[in-house]
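start18.cif, holding mmCIF, C-alpha atoms:
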data_data
loop_
_atom_site.label_atom_id
_atom_site.label_comp_id
_atom_site.auth_asym_id
_atom_site.auth_seq_id
_atom_site.Cartn_x
_atom_site.Cartn_y
_atom_site.Cartn_z
CA MET A 10 -13.52 1.94 30.79
CA LYS A 11 -12.69 -1.47 29.37
CA ASN A 12 -12.31 -1.61 25.60
CA PRO A 13 -15.05 -3.93 24.21
CA LEU A 14 -12.60 -5.24 21.60
CA GLU A 15 -10.20 -6.66 24.19
CA PRO A 16 -11.45 -10.26 23.75
CA VAL A 17 -10.78 -9.96 20.02
CA GLY A 18 -7.37 -8.47 20.72
CA ARG A 19 -6.39 -11.13 23.26
CA ALA A 20 -7.40 -13.87 20.83
CA ALA A 21 -5.23 -12.22 18.17
CA VAL A 22 -2.25 -12.00 20.54
CA ALA A 23 -2.56 -15.71 21.37
CA ALA A 24 -2.80 -16.55 17.68
CA ALA A 25 0.25 -14.40 16.86
CA ARG A 26 2.30 -16.34 19.40
CA GLU A 27 1.32 -19.60 17.73
CA MET A 28 2.08 -18.13 14.30
CA ALA A 29 5.64 -17.34 15.36
CA ALA A 30 6.34 -21.08 15.74
CA LEU A 31 4.90 -22.20 12.39
CA SER A 32 7.07 -23.33 9.52
CA PRO A 33 7.03 -21.55 6.15
CA GLU A 34 5.30 -24.53 4.57
CA GLU A 35 2.54 -24.59 7.18
CA LYS A 36 1.75 -20.95 6.44
CA ALA A 37 1.94 -21.51 2.69
CA ASP A 38 -0.44 -24.48 2.98
CA ALA A 39 -2.92 -22.28 4.84
CA LEU A 40 -2.85 -19.69 2.06
CA ARG A 41 -3.43 -22.33 -0.58
CA LEU A 42 -6.43 -23.60 1.38
CA MET A 43 -7.73 -20.03 1.61
CA ALA A 44 -7.36 -19.60 -2.15
CA ALA A 45 -9.23 -22.84 -2.80
CA GLY A 46 -11.97 -21.73 -0.40
CA VAL A 47 -12.45 -18.40 -2.18
CA ARG A 48 -12.48 -20.11 -5.56
CA GLY A 49 -15.06 -22.63 -4.38
CA ALA A 50 -17.29 -19.96 -2.82
CA ALA A 51 -17.17 -17.58 -5.81
CA GLY A 52 -20.94 -17.67 -6.41
CA ARG A 53 -21.70 -16.99 -2.76
CA ILE A 54 -19.18 -14.15 -2.64
CA ILE A 55 -20.54 -12.48 -5.78
CA ARG A 56 -24.14 -12.72 -4.53
CA GLU A 57 -23.26 -10.91 -1.30
CA ASN A 58 -21.22 -8.36 -3.22
CA SER A 59 -24.16 -7.65 -5.53
CA LEU A 60 -26.21 -6.64 -2.46
CA ASP A 61 -23.48 -4.21 -1.40
CA MET A 62 -23.39 -2.87 -4.97
CA GLU A 63 -27.18 -2.30 -5.02
CA GLU A 64 -27.03 -0.35 -1.77
CA ALA A 65 -24.03 1.72 -2.93
CA GLU A 66 -25.85 2.62 -6.17
CA LYS A 67 -28.95 3.67 -4.20
CA ASN A 68 -26.73 5.88 -2.06
CA GLY A 69 -25.42 7.67 -5.17
CA ARG A 70 -21.83 6.44 -5.05
CA ASN A 71 -19.77 7.52 -8.06
CA ALA A 72 -18.43 5.24 -10.79
CA ALA A 73 -14.92 5.03 -9.34
CA PHE A 74 -16.27 3.95 -5.95
CA LEU A 75 -18.51 1.33 -7.55
CA ASP A 76 -15.59 0.00 -9.57
CA ARG A 77 -13.51 -0.46 -6.40
CA LEU A 78 -16.39 -2.23 -4.67
CA LEU A 79 -17.39 -4.55 -7.51
CA LEU A 80 -16.39 -8.21 -7.51
CA THR A 81 -16.74 -10.13 -10.77
CA PRO A 82 -15.90 -13.80 -11.39
CA GLU A 83 -12.61 -12.59 -12.89
CA ARG A 84 -11.77 -10.50 -9.82
CA VAL A 85 -12.61 -13.37 -7.45
CA GLU A 86 -10.33 -15.65 -9.45
CA HIS A 87 -7.66 -12.95 -9.36
CA MET A 88 -7.96 -12.83 -5.56
CA ALA A 89 -7.51 -16.60 -5.34
CA ARG A 90 -4.51 -16.53 -7.66
CA GLY A 91 -3.05 -13.67 -5.65
CA MET A 92 -3.14 -15.72 -2.46
CA GLU A 93 -1.47 -18.62 -4.26
CA GLN A 94 1.24 -16.26 -5.51
CA VAL A 95 1.87 -15.00 -1.98
CA ALA A 96 2.01 -18.61 -0.76
CA ALA A 97 4.76 -19.33 -3.30
CA LEU A 98 6.93 -16.36 -2.28
CA PRO A 99 9.95 -16.80 0.03
CA ASP A 100 8.97 -16.53 3.69
CA PRO A 101 10.61 -13.43 5.19
CA VAL A 102 10.40 -14.61 8.81
CA GLY A 103 13.77 -15.82 10.07
CA GLU A 104 15.67 -14.24 7.18
CA CYS A 105 19.11 -13.03 8.25
CA ILE A 106 19.37 -9.40 7.18
CA ARG A 107 23.06 -9.16 8.13
CA GLU A 108 25.51 -10.79 10.49
CA TRP A 109 28.96 -10.05 11.88
CA THR A 110 31.40 -11.06 14.59
CA ARG A 111 32.76 -8.58 17.11
CA PRO A 112 36.43 -8.53 18.25
CA ASN A 113 35.36 -10.09 21.57
CA GLY A 114 33.95 -13.10 19.72
CA LEU A 115 30.24 -12.24 19.97
CA HIS A 116 28.41 -13.32 16.81
CA ILE A 117 25.47 -11.02 16.01
CA ARG A 118 22.67 -11.65 13.52
CA GLN A 119 19.85 -9.26 12.56
CA VAL A 120 16.85 -11.50 11.87
CA ARG A 121 13.38 -10.74 10.51
CA VAL A 122 10.44 -11.34 12.87
CA PRO A 123 6.68 -10.67 12.52
CA LEU A 124 5.29 -7.35 13.69
CA GLY A 125 2.77 -9.24 15.85
CA VAL A 126 -0.86 -8.13 15.73
CA ILE A 127 -1.88 -5.78 12.92
CA GLY A 128 -5.07 -3.72 12.88
CA PHE A 129 -6.06 -3.06 9.29
CA ILE A 130 -8.76 -0.48 8.55
CA TYR A 131 -9.87 -0.01 4.95
CA GLU A 132 -12.72 1.16 2.74
CA SER A 133 -14.94 -0.38 0.10
CA ARG A 134 -12.65 -2.99 -1.48
CA GLY A 135 -13.30 -6.68 -0.92
CA THR A 136 -10.11 -7.55 -2.78
CA VAL A 137 -8.16 -5.91 0.03
CA THR A 138 -9.60 -8.42 2.51
CA CYS A 139 -7.82 -11.27 0.74
CA ASP A 140 -4.63 -9.30 0.10
CA ALA A 141 -4.36 -8.23 3.75
CA ALA A 142 -5.14 -11.70 5.07
CA SER A 143 -2.60 -13.47 2.86
CA LEU A 144 0.22 -10.97 3.44
CA CYS A 145 -0.29 -10.75 7.20
CA LEU A 146 -0.50 -14.50 7.72
CA LYS A 147 2.40 -15.32 5.39
CA SER A 148 4.60 -12.86 7.32
CA GLY A 149 3.63 -14.54 10.60
CA ASN A 150 1.25 -11.86 11.91
CA ALA A 151 -2.27 -12.00 13.24
CA VAL A 152 -4.64 -9.43 11.71
CA ILE A 153 -7.83 -7.74 12.84
CA LEU A 154 -9.70 -6.44 9.79
CA ARG A 155 -12.19 -3.60 9.78
CA GLY A 156 -13.59 -2.93 6.31
CA GLY A 157 -15.94 -0.18 5.21
CA ARG A 158 -19.65 -0.34 5.90
CA GLU A 159 -20.32 -0.21 2.16
CA SER A 160 -18.69 -3.63 1.70
CA LEU A 161 -19.95 -5.23 4.90
CA ARG A 162 -21.71 -8.19 3.28
CA THR A 163 -18.77 -8.85 0.96
CA ASN A 164 -16.26 -8.78 3.80
CA ARG A 165 -18.37 -10.97 6.04
CA VAL A 166 -18.59 -13.76 3.50
CA LEU A 167 -14.90 -13.46 2.59
CA ALA A 168 -13.80 -13.59 6.24
CA ALA A 169 -16.07 -16.58 6.86
CA VAL A 170 -14.65 -18.44 3.87
CA LEU A 171 -11.06 -17.67 4.88
CA ARG A 172 -11.58 -18.73 8.50
CA GLU A 173 -13.24 -21.95 7.35
CA ALA A 174 -10.09 -22.68 5.36
CA LEU A 175 -7.82 -21.89 8.30
CA ALA A 176 -9.72 -24.42 10.43
CA GLU A 177 -8.19 -27.10 8.20
CA SER A 178 -4.66 -25.72 8.55
CA ALA A 179 -1.99 -25.27 11.19
CA VAL A 180 -2.72 -21.53 11.34
CA PRO A 181 -5.12 -20.65 14.18
CA ALA A 182 -8.42 -19.24 12.90
CA ASP A 183 -8.13 -16.28 15.27
CA ALA A 184 -5.07 -15.11 13.36
CA LEU A 185 -7.72 -13.61 11.04
CA GLN A 186 -10.65 -11.74 12.58
CA LEU A 187 -13.14 -9.31 11.07
CA LEU A 188 -14.94 -6.53 12.94
CA ASP A 189 -18.33 -6.44 11.26
CA SER A 190 -20.73 -4.39 13.35
CA GLY A 191 -20.46 -1.49 10.89
CA SER A 192 -20.29 0.92 13.83
CA ARG A 193 -18.08 3.99 13.48
CA GLU A 194 -17.22 3.57 17.17
CA GLU A 195 -15.50 0.31 16.22
CA VAL A 196 -12.74 2.23 14.41
CA LYS A 197 -11.99 4.29 17.51
CA GLN A 198 -12.03 1.20 19.72
CA LEU A 199 -9.58 -0.61 17.47
CA CYS A 200 -7.26 2.40 17.41
CA GLU A 201 -7.24 2.44 21.20
CA LEU A 202 -6.49 -1.28 21.57
CA ASP A 203 -2.85 -0.63 22.44
CA SER A 204 -2.73 -3.52 24.91
CA CYS A 205 -2.95 -5.95 21.97
CA LEU A 206 -2.03 -4.20 18.70
CA ASN A 207 1.50 -3.60 17.47
CA VAL A 208 0.62 -1.44 14.47
CA ILE A 209 -2.40 -0.06 12.60
CA ILE A 210 -2.56 0.25 8.83
CA PRO A 211 -5.34 2.50 7.47
CA ARG A 212 -6.13 2.39 3.75
CA GLY A 213 -8.67 4.89 2.48
CA GLY A 214 -9.51 8.56 2.15
CA LYS A 215 -8.24 11.54 4.10
CA GLY A 216 -11.13 11.35 6.56
CA LEU A 217 -10.27 7.80 7.56
CA ILE A 218 -6.57 8.57 7.86
CA ARG A 219 -7.25 11.61 10.03
CA THR A 220 -9.54 9.61 12.31
CA VAL A 221 -6.97 6.85 12.75
CA MET A 222 -4.15 9.31 13.39
CA GLU A 223 -6.25 11.14 15.97
CA TYR A 224 -7.22 8.08 18.00
CA SER A 225 -4.42 5.57 17.50
CA ARG A 226 -2.29 4.67 20.49
CA VAL A 227 0.05 2.50 18.42
CA PRO A 228 2.27 3.26 15.40
CA VAL A 229 0.41 3.91 12.14
CA LEU A 230 1.63 2.90 8.67
CA LYS A 231 -0.32 5.31 6.47
CA HIS A 232 -1.55 4.78 2.94
CA LEU A 233 -2.25 8.36 1.89
CA ASP A 234 -3.47 10.18 -1.23
CA GLY A 235 -2.34 9.31 -4.72
CA VAL A 236 -1.80 12.70 -6.37
CA CYS A 237 0.37 11.28 -9.15
CA HIS A 238 1.97 13.13 -12.07
CA VAL A 239 3.13 12.45 -15.61
CA TYR A 240 5.73 14.97 -16.81
CA VAL A 241 6.37 15.17 -20.56
CA ASP A 242 9.85 16.58 -21.05
CA ALA A 243 11.16 18.57 -24.04
CA ALA A 244 13.06 15.47 -25.18
CA ALA A 245 10.14 13.06 -24.86
CA ASP A 246 9.00 10.59 -27.51
CA LEU A 247 5.57 12.20 -27.83
CA LYS A 248 3.78 9.08 -29.08
CA MET A 249 5.15 7.17 -26.10
CA ALA A 250 4.18 10.02 -23.78
CA LEU A 251 0.61 10.02 -25.10
CA ASN A 252 0.21 6.29 -24.49
CA ILE A 253 1.72 6.52 -21.02
CA LEU A 254 -0.61 9.41 -20.11
CA ASP A 255 -3.61 7.50 -21.48
CA ASP A 256 -2.79 4.41 -19.43
CA ALA A 257 -1.91 6.34 -16.27
CA LYS A 258 -5.13 8.37 -16.35
CA THR A 259 -7.83 6.26 -17.97
CA GLN A 260 -7.00 2.56 -17.57
CA ARG A 261 -8.52 2.59 -14.07
CA PRO A 262 -9.02 6.15 -12.84
CA GLY A 263 -10.36 5.27 -9.38
CA VAL A 264 -7.15 3.78 -8.00
CA CYS A 265 -4.41 5.51 -6.04
CA ASN A 266 -1.68 5.09 -8.68
CA ALA A 267 -3.68 6.73 -11.48
CA ALA A 268 -2.28 10.04 -12.75
CA GLU A 269 -4.12 13.18 -11.63
CA THR A 270 -1.88 15.86 -13.19
CA LEU A 271 -0.17 16.21 -16.57
CA LEU A 272 2.86 18.50 -16.71
CA VAL A 273 4.23 19.41 -20.14
CA ASP A 274 7.48 21.22 -20.91
CA ALA A 275 6.74 24.53 -22.62
CA ALA A 276 9.15 23.55 -25.40
CA VAL A 277 6.79 20.79 -26.63
CA ALA A 278 3.44 22.16 -25.41
CA GLU A 279 2.29 23.27 -28.86
CA ARG A 280 2.97 19.81 -30.28
CA PHE A 281 1.91 17.59 -27.40
CA LEU A 282 -1.09 19.31 -25.83
CA PRO A 283 -3.34 19.06 -28.92
CA MET A 284 -2.58 15.32 -29.00
CA ALA A 285 -3.33 14.98 -25.29
CA ALA A 286 -6.52 17.04 -25.57
CA GLU A 287 -7.86 14.84 -28.36
CA ARG A 288 -7.02 11.56 -26.59
CA MET A 289 -8.57 12.74 -23.33
CA ARG A 290 -11.66 13.90 -25.23
CA GLN A 291 -11.97 10.43 -26.74
CA ARG A 292 -11.74 8.88 -23.27
CA GLY A 293 -14.33 11.22 -21.74
CA VAL A 294 -11.83 12.95 -19.46
CA GLU A 295 -12.63 16.39 -18.08
CA CYS A 296 -9.50 18.56 -18.26
CA ARG A 297 -8.82 21.34 -15.76
CA VAL A 298 -6.09 23.44 -17.32
CA CYS A 299 -3.73 26.30 -16.59
CA GLY A 300 -3.92 29.52 -18.61
CA ARG A 301 -1.07 28.51 -20.92
CA SER A 302 -2.76 25.19 -21.70
CA MET A 303 -6.24 26.60 -22.30
CA PRO A 304 -5.83 27.39 -26.04
CA PHE A 305 -5.19 23.73 -26.82
CA PHE A 306 -8.25 22.29 -25.07
CA GLY A 307 -11.18 24.18 -26.48
CA PRO A 308 -14.29 25.58 -24.80
CA GLU A 309 -15.04 22.41 -22.82
CA ALA A 310 -11.87 22.80 -20.73
CA VAL A 311 -12.24 24.08 -17.16
CA PRO A 312 -9.77 26.62 -15.73
CA ALA A 313 -7.75 24.92 -13.00
CA SER A 314 -7.99 26.26 -9.48
CA GLU A 315 -5.21 26.21 -6.91
CA GLU A 316 -6.99 23.32 -5.20
CA ASP A 317 -6.93 21.20 -8.36
CA TRP A 318 -3.16 20.79 -8.25
CA SER A 319 -3.35 18.86 -4.96
CA THR A 320 -6.61 16.96 -5.58
CA GLU A 321 -6.90 13.19 -5.95
CA TYR A 322 -9.89 12.99 -8.28
CA GLU A 323 -10.25 9.18 -8.47
CA ASP A 324 -12.29 9.92 -11.58
CA LEU A 325 -11.98 10.84 -15.27
CA ILE A 326 -10.64 14.29 -14.43
CA LEU A 327 -7.13 15.53 -15.24
CA SER A 328 -5.39 18.74 -14.29
CA VAL A 329 -2.95 20.07 -16.91
CA LYS A 330 -0.10 22.55 -16.52
CA VAL A 331 2.70 23.85 -18.75
CA ALA A 332 6.06 23.71 -16.96
CA ASP A 333 9.20 25.68 -17.73
CA GLY A 334 11.52 22.70 -17.87
CA VAL A 335 12.28 19.79 -15.58
CA ARG A 336 13.26 21.96 -12.62
CA ASP A 337 9.86 23.68 -12.66
CA ALA A 338 8.11 20.31 -12.98
CA VAL A 339 9.98 18.86 -10.01
CA GLU A 340 9.18 21.89 -7.87
CA HIS A 341 5.48 21.55 -8.75
CA ILE A 342 5.42 17.83 -7.91
CA ASN A 343 7.20 18.25 -4.58
CA ARG A 344 4.88 21.11 -3.64
CA TYR A 345 1.51 19.67 -4.68
CA GLY A 346 2.06 15.91 -4.92
CA SER A 347 1.46 13.27 -2.28
CA HIS A 348 4.86 11.51 -2.51
CA HIS A 349 3.20 8.49 -4.11
CA SER A 350 4.12 7.87 -7.78
CA ASP A 351 5.39 10.24 -10.46
CA SER A 352 6.74 9.65 -13.97
CA ILE A 353 8.96 11.51 -16.44
CA VAL A 354 8.86 10.79 -20.18
CA THR A 355 12.13 11.80 -21.81
CA GLU A 356 15.06 10.61 -23.92
CA ASP A 357 17.38 13.09 -22.20
CA GLY A 358 19.57 11.36 -19.60
CA LYS A 359 20.30 14.57 -17.69
CA ALA A 360 16.60 15.46 -17.39
CA ARG A 361 15.85 11.88 -16.33
CA ASP A 362 18.52 11.90 -13.64
CA TYR A 363 17.47 15.32 -12.34
CA PHE A 364 13.84 14.17 -12.04
CA MET A 365 14.60 10.75 -10.55
CA SER A 366 16.95 12.09 -7.89
CA ARG A 367 14.92 15.13 -6.84
CA VAL A 368 11.27 14.02 -6.90
CA ASP A 369 10.56 13.03 -3.30
CA SER A 370 8.11 10.19 -3.92
CA ALA A 371 7.92 6.54 -2.97
CA CYS A 372 7.92 5.45 -6.63
CA VAL A 373 9.60 7.46 -9.40
CA TYR A 374 9.26 6.28 -13.01
CA HIS A 375 11.04 6.92 -16.29
CA ASN A 376 9.23 6.24 -19.58
CA CYS A 377 6.44 4.17 -18.06
CA SER A 378 3.03 4.52 -16.43
CA THR A 379 2.44 5.26 -12.75
CA ARG A 380 -0.02 2.34 -12.75
CA PHE A 381 2.84 -0.04 -11.94
CA SER A 382 2.90 1.09 -8.29
CA ASP A 383 1.44 -2.17 -7.12
CA GLY A 384 2.70 -5.10 -5.07
CA GLU A 385 1.87 -7.65 -7.73
CA GLU A 386 3.56 -5.61 -10.47
CA PHE A 387 6.69 -5.33 -8.32
CA GLY A 388 6.76 -9.11 -7.89
CA PHE A 389 5.59 -8.98 -4.27
CA GLY A 390 2.48 -11.10 -4.93
CA ALA A 391 0.18 -8.48 -3.42
CA GLU A 392 0.34 -5.39 -1.24
CA ILE A 393 -1.30 -4.09 1.88
CA GLY A 394 -1.00 -0.49 0.69
CA ILE A 395 1.41 2.06 -0.76
CA GLY A 396 3.43 3.73 1.96
CA THR A 397 4.12 7.41 1.30
CA ASP A 398 5.87 8.19 4.60
CA LYS A 399 9.56 7.58 5.22
CA PHE A 400 9.03 5.76 8.50
CA HIS A 401 9.41 1.96 8.39
CA ALA A 402 7.94 1.23 4.94
CA ARG A 403 7.65 3.12 1.65
CA GLY A 404 6.08 2.17 -1.67
CA PRO A 405 4.18 -1.12 -2.05
CA MET A 406 4.02 -2.69 1.42
CA ALA A 407 4.22 -6.46 1.15
CA LEU A 408 5.78 -9.31 3.12
CA ARG A 409 9.08 -7.78 4.21
CA GLU A 410 7.36 -4.51 5.10
CA LEU A 411 5.15 -6.45 7.55
CA THR A 412 8.14 -7.62 9.55
CA SER A 413 10.46 -6.05 12.06
CA TYR A 414 13.71 -7.55 13.26
CA LYS A 415 15.52 -8.64 16.35
CA TYR A 416 19.18 -9.23 17.14
CA VAL A 417 20.29 -12.76 17.94
CA ILE A 418 23.64 -12.79 19.75
CA GLU A 419 25.73 -15.89 20.43
CA GLY A 420 28.72 -15.98 22.75
CA SER A 421 31.06 -18.30 24.56
CA GLY A 422 31.08 -16.90 28.08
CA GLN A 423 31.80 -13.21 27.37
CA VAL A 424 31.02 -10.66 30.09
CA LYS A 425 31.05 -6.88 29.81
CA ASP A 426 33.30 -6.29 32.85
CA PRO A 427 35.73 -9.18 33.48
CA SER A 428 37.26 -7.30 36.42
CA ARG A 429 34.15 -8.03 38.50
CA MET A 430 34.37 -11.78 37.95
CA PRO A 431 36.22 -14.23 40.27
CA ASP A 432 39.81 -14.89 39.20
CA ALA A 433 38.95 -18.29 37.82
CA VAL A 434 36.51 -16.77 35.33
CA ARG A 435 38.41 -13.56 34.55
CA SER A 436 40.36 -14.97 31.65
CA ARG A 437 39.54 -14.10 28.08
CA PRO A 438 36.57 -15.93 26.48
CA GLU A 439 38.76 -18.02 24.22
CA GLU A 440 40.62 -19.34 27.30
CA ILE A 441 37.42 -20.54 29.00
CA SER A 442 36.96 -24.27 28.53
#
Encoded form using structure tokens:
Amino acid sequence: MKNPLEPVGRAAVAAAREMAALSPEEKADALRLMAAGVRGAAGRIIRENSLDMEEAEKNGRNAAFLDRLLLTPERVEHMARGMEQVAALPDPVGECIREWTRPNGLHIRQVRVPLGVIGFIYESRGTVTCDAASLCLKSGNAVILRGGRESLRTNRVLAAVLREALAESAVPADALQLLDSGSREEVKQLCELDSCLNVIIPRGGKGLIRTVMEYSRVPVLKHLDGVCHVYVDAAADLKMALNILDDAKTQRPGVCNAAETLLVDAAVAERFLPMAAERMRQRGVECRVCGRSMPFFGPEAVPASEEDWSTEYEDLILSVKVADGVRDAVEHINRYGSHHSDSIVTEDGKARDYFMSRVDSACVYHNCSTRFSDGEEFGFGAEIGIGTDKFHARGPMALRELTSYKYVIEGSGQVKDPSRMPDAVRSRPEEIS
């Protein structure tokens, strides 16, 4: 049966072909127009977002979900500035990754090219609409967006504003399309659109990722759970460790780079855990603790279950465990973590090096918060997600991660088998006039 999204896909393919011929400045101009459009439509965007917020509140969504969904004037301005920042970044398309000349005179260059048509499926965050649009277009790709039903009104107005801006630019409007029926079947149809898509990027919960993996007929760049850890080593500056934990857990608990588990070396548990318990109590954090941690947290602490160690709470909940040194901490992280972002706080160089080399995560930190796992914080302008796999892209996925490459080979008459050529052409390439 014919896929009902084929017209959308064919339009995206045609747009991607046009995008491949655009100059860096033409794409940058389009992003600046998009930013100006979002800035000018801020009131309209916030009104539509408020309707999504009302419905989400009626449906009993939790505080972390509502925080991800909410657009304020400050967040709208941040989206606009983010697109301008991406516009100002170097264009990756056409960049020569490496080049060399073979003994036979062939000159070979490995050059960045767009992926083509990207299907991007995400949940409940209007800010992602602008991030995805700017990154995909800047890197020369066409994108088909499918946001969550909870942010349908927000995404509709954002997509309309962005396409209106593209109409004034050299970028074809169909390089950015939004699927907005709200139908669950739409996700399956997009995943099966292998005649047009080059890659799918899902960004959301486990249910969404599983659905995409089950139905996709094209490669998938996954943005998986953020089960992130802060490990306080025996040689940690405990005041620093407390501030890092506080930031990593409570600054914005509903995001994927927030800490979910605190690990503390047994050698400093008696000194650090009372400090951590008090700070978390002040912040309203529920602590789920191991048996060795329990005496420091009082009667309000909840005994941790096996499931807690691998849970992404996205809320003011923290699991706490005493570890028997850095080796034990690393084993815990590699067993229960999601290979996203993990941090060690220590002044011991050997402990630092052991942790940094053996924790198998996309982002590994020393003496700083996990909250820096972000495209903007890395200087990428924005991100389309945090890759936790080892295939193609890992960590914040930004412009370069949305490109592939091709080989461009230049010769001067070389053939693989000169013996098959007529005598007049059999001479070496340098002898051919």
Hey, what's within 6 Å of segment 256-271 of chain A if we count only C-alpha atoms and toss same-chain stuff fewer than 3 positions away? As a PDB file with C-alpha atoms, in the frame of the given file, please?
ATOM      1  CA  ALA A  73     -14.920   5.030  -9.340  1.00  0.00           C
ATOM      2  CA  GLY A 235      -2.340   9.310  -4.720  1.00  0.00           C
ATOM      3  CA  VAL A 236      -1.800  12.700  -6.370  1.00  0.00           C
ATOM      4  CA  CYS A 237       0.370  11.280  -9.150  1.00  0.00           C
ATOM      5  CA  HIS A 238       1.970  13.130 -12.070  1.00  0.00           C
ATOM      6  CA  VAL A 239       3.130  12.450 -15.610  1.00  0.00           C
ATOM      7  CA  ILE A 253       1.720   6.520 -21.020  1.00  0.00           C
ATOM      8  CA  GLU A 323     -10.250   9.180  -8.470  1.00  0.00           C
ATOM      9  CA  ASP A 324     -12.290   9.920 -11.580  1.00  0.00           C
ATOM     10  CA  LEU A 327      -7.130  15.530 -15.240  1.00  0.00           C
ATOM     11  CA  SER A 328      -5.390  18.740 -14.290  1.00  0.00           C
ATOM     12  CA  VAL A 329      -2.950  20.070 -16.910  1.00  0.00           C
ATOM     13  CA  SER A 378       3.030   4.520 -16.430  1.00  0.00           C
ATOM     14  CA  THR A 379       2.440   5.260 -12.750  1.00  0.00           C
ATOM     15  CA  ARG A 380      -0.020   2.340 -12.750  1.00  0.00           C
TER      16      ARG A 380
END
>> Can you tell me which residues surround Pro123 of chain A at a distance of at most 8 Å, considering only C-alpha atoms, apart from same-chain residues fewer than 3 positions away, and format the answer as an MDAnalysis selection string?
In response: chainID A and resid 29 102 148:150 411:414
Those residues with C-alpha atoms, as a short mmCIF file (atom, residue, chain, number, x, y, z; two decimals), in the coordinates of the input please?
data_model
loop_
_atom_site.label_atom_id
_atom_site.label_comp_id
_atom_site.auth_asym_id
_atom_site.auth_seq_id
_atom_site.Cartn_x
_atom_site.Cartn_y
_atom_site.Cartn_z
CA ALA A 29 5.64 -17.34 15.36
CA VAL A 102 10.40 -14.61 8.81
CA SER A 148 4.60 -12.86 7.32
CA GLY A 149 3.63 -14.54 10.60
CA ASN A 150 1.25 -11.86 11.91
CA LEU A 411 5.15 -6.45 7.55
CA THR A 412 8.14 -7.62 9.55
CA SER A 413 10.46 -6.05 12.06
CA TYR A 414 13.71 -7.55 13.26
#
>> Can you pull out the residues contacting Thr136 of chain A? Cut-off 12 Å, using only C-alpha atoms, and skip same-chain residues under 6 positions away; I want them as a PyMOL selection string.
In response: chain A and resi 47+54-55+58+76-81+83-92+142-143+156+160+163-164+167-168+391-393
Please define a box with edges along x, y and z of the file around all atoms of segment 33-49 of chain A given in the file, extend it by 8 Å on each side, and return its centre and edge lengths in Å to one decimal, as lines of an AutoDock Vina configuration file.
center_x = -4.0
center_y = -21.5
center_z = 0.8
size_x = 38.1
size_y = 22.2
size_z = 28.7
Excluding Gly396 of chain A and any residue of its chain fewer than 5 positions from it, enumerate the residues within 10 Å of it, using all atoms listed in the file, and give them as a PDB file with C-alpha atoms, keeping the file's coordinate frame.
ATOM      1  CA  ILE A 210      -2.560   0.250   8.830  1.00  0.00           C
ATOM      2  CA  ARG A 212      -6.130   2.390   3.750  1.00  0.00           C
ATOM      3  CA  LEU A 230       1.630   2.900   8.670  1.00  0.00           C
ATOM      4  CA  LYS A 231      -0.320   5.310   6.470  1.00  0.00           C
ATOM      5  CA  HIS A 232      -1.550   4.780   2.940  1.00  0.00           C
ATOM      6  CA  LEU A 233      -2.250   8.360   1.890  1.00  0.00           C
ATOM      7  CA  ASP A 234      -3.470  10.180  -1.230  1.00  0.00           C
ATOM      8  CA  HIS A 348       4.860  11.510  -2.510  1.00  0.00           C
ATOM      9  CA  HIS A 349       3.200   8.490  -4.110  1.00  0.00           C
ATOM     10  CA  SER A 370       8.110  10.190  -3.920  1.00  0.00           C
ATOM     11  CA  ALA A 371       7.920   6.540  -2.970  1.00  0.00           C
ATOM     12  CA  CYS A 372       7.920   5.450  -6.630  1.00  0.00           C
ATOM     13  CA  HIS A 401       9.410   1.960   8.390  1.00  0.00           C
ATOM     14  CA  ALA A 402       7.940   1.230   4.940  1.00  0.00           C
ATOM     15  CA  ARG A 403       7.650   3.120   1.650  1.00  0.00           C
ATOM     16  CA  GLY A 404       6.080   2.170  -1.670  1.00  0.00           C
ATOM     17  CA  PRO A 405       4.180  -1.120  -2.050  1.00  0.00           C
ATOM     18  CA  MET A 406       4.020  -2.690   1.420  1.00  0.00           C
ATOM     19  CA  GLU A 410       7.360  -4.510   5.100  1.00  0.00           C
TER      20      GLU A 410
END
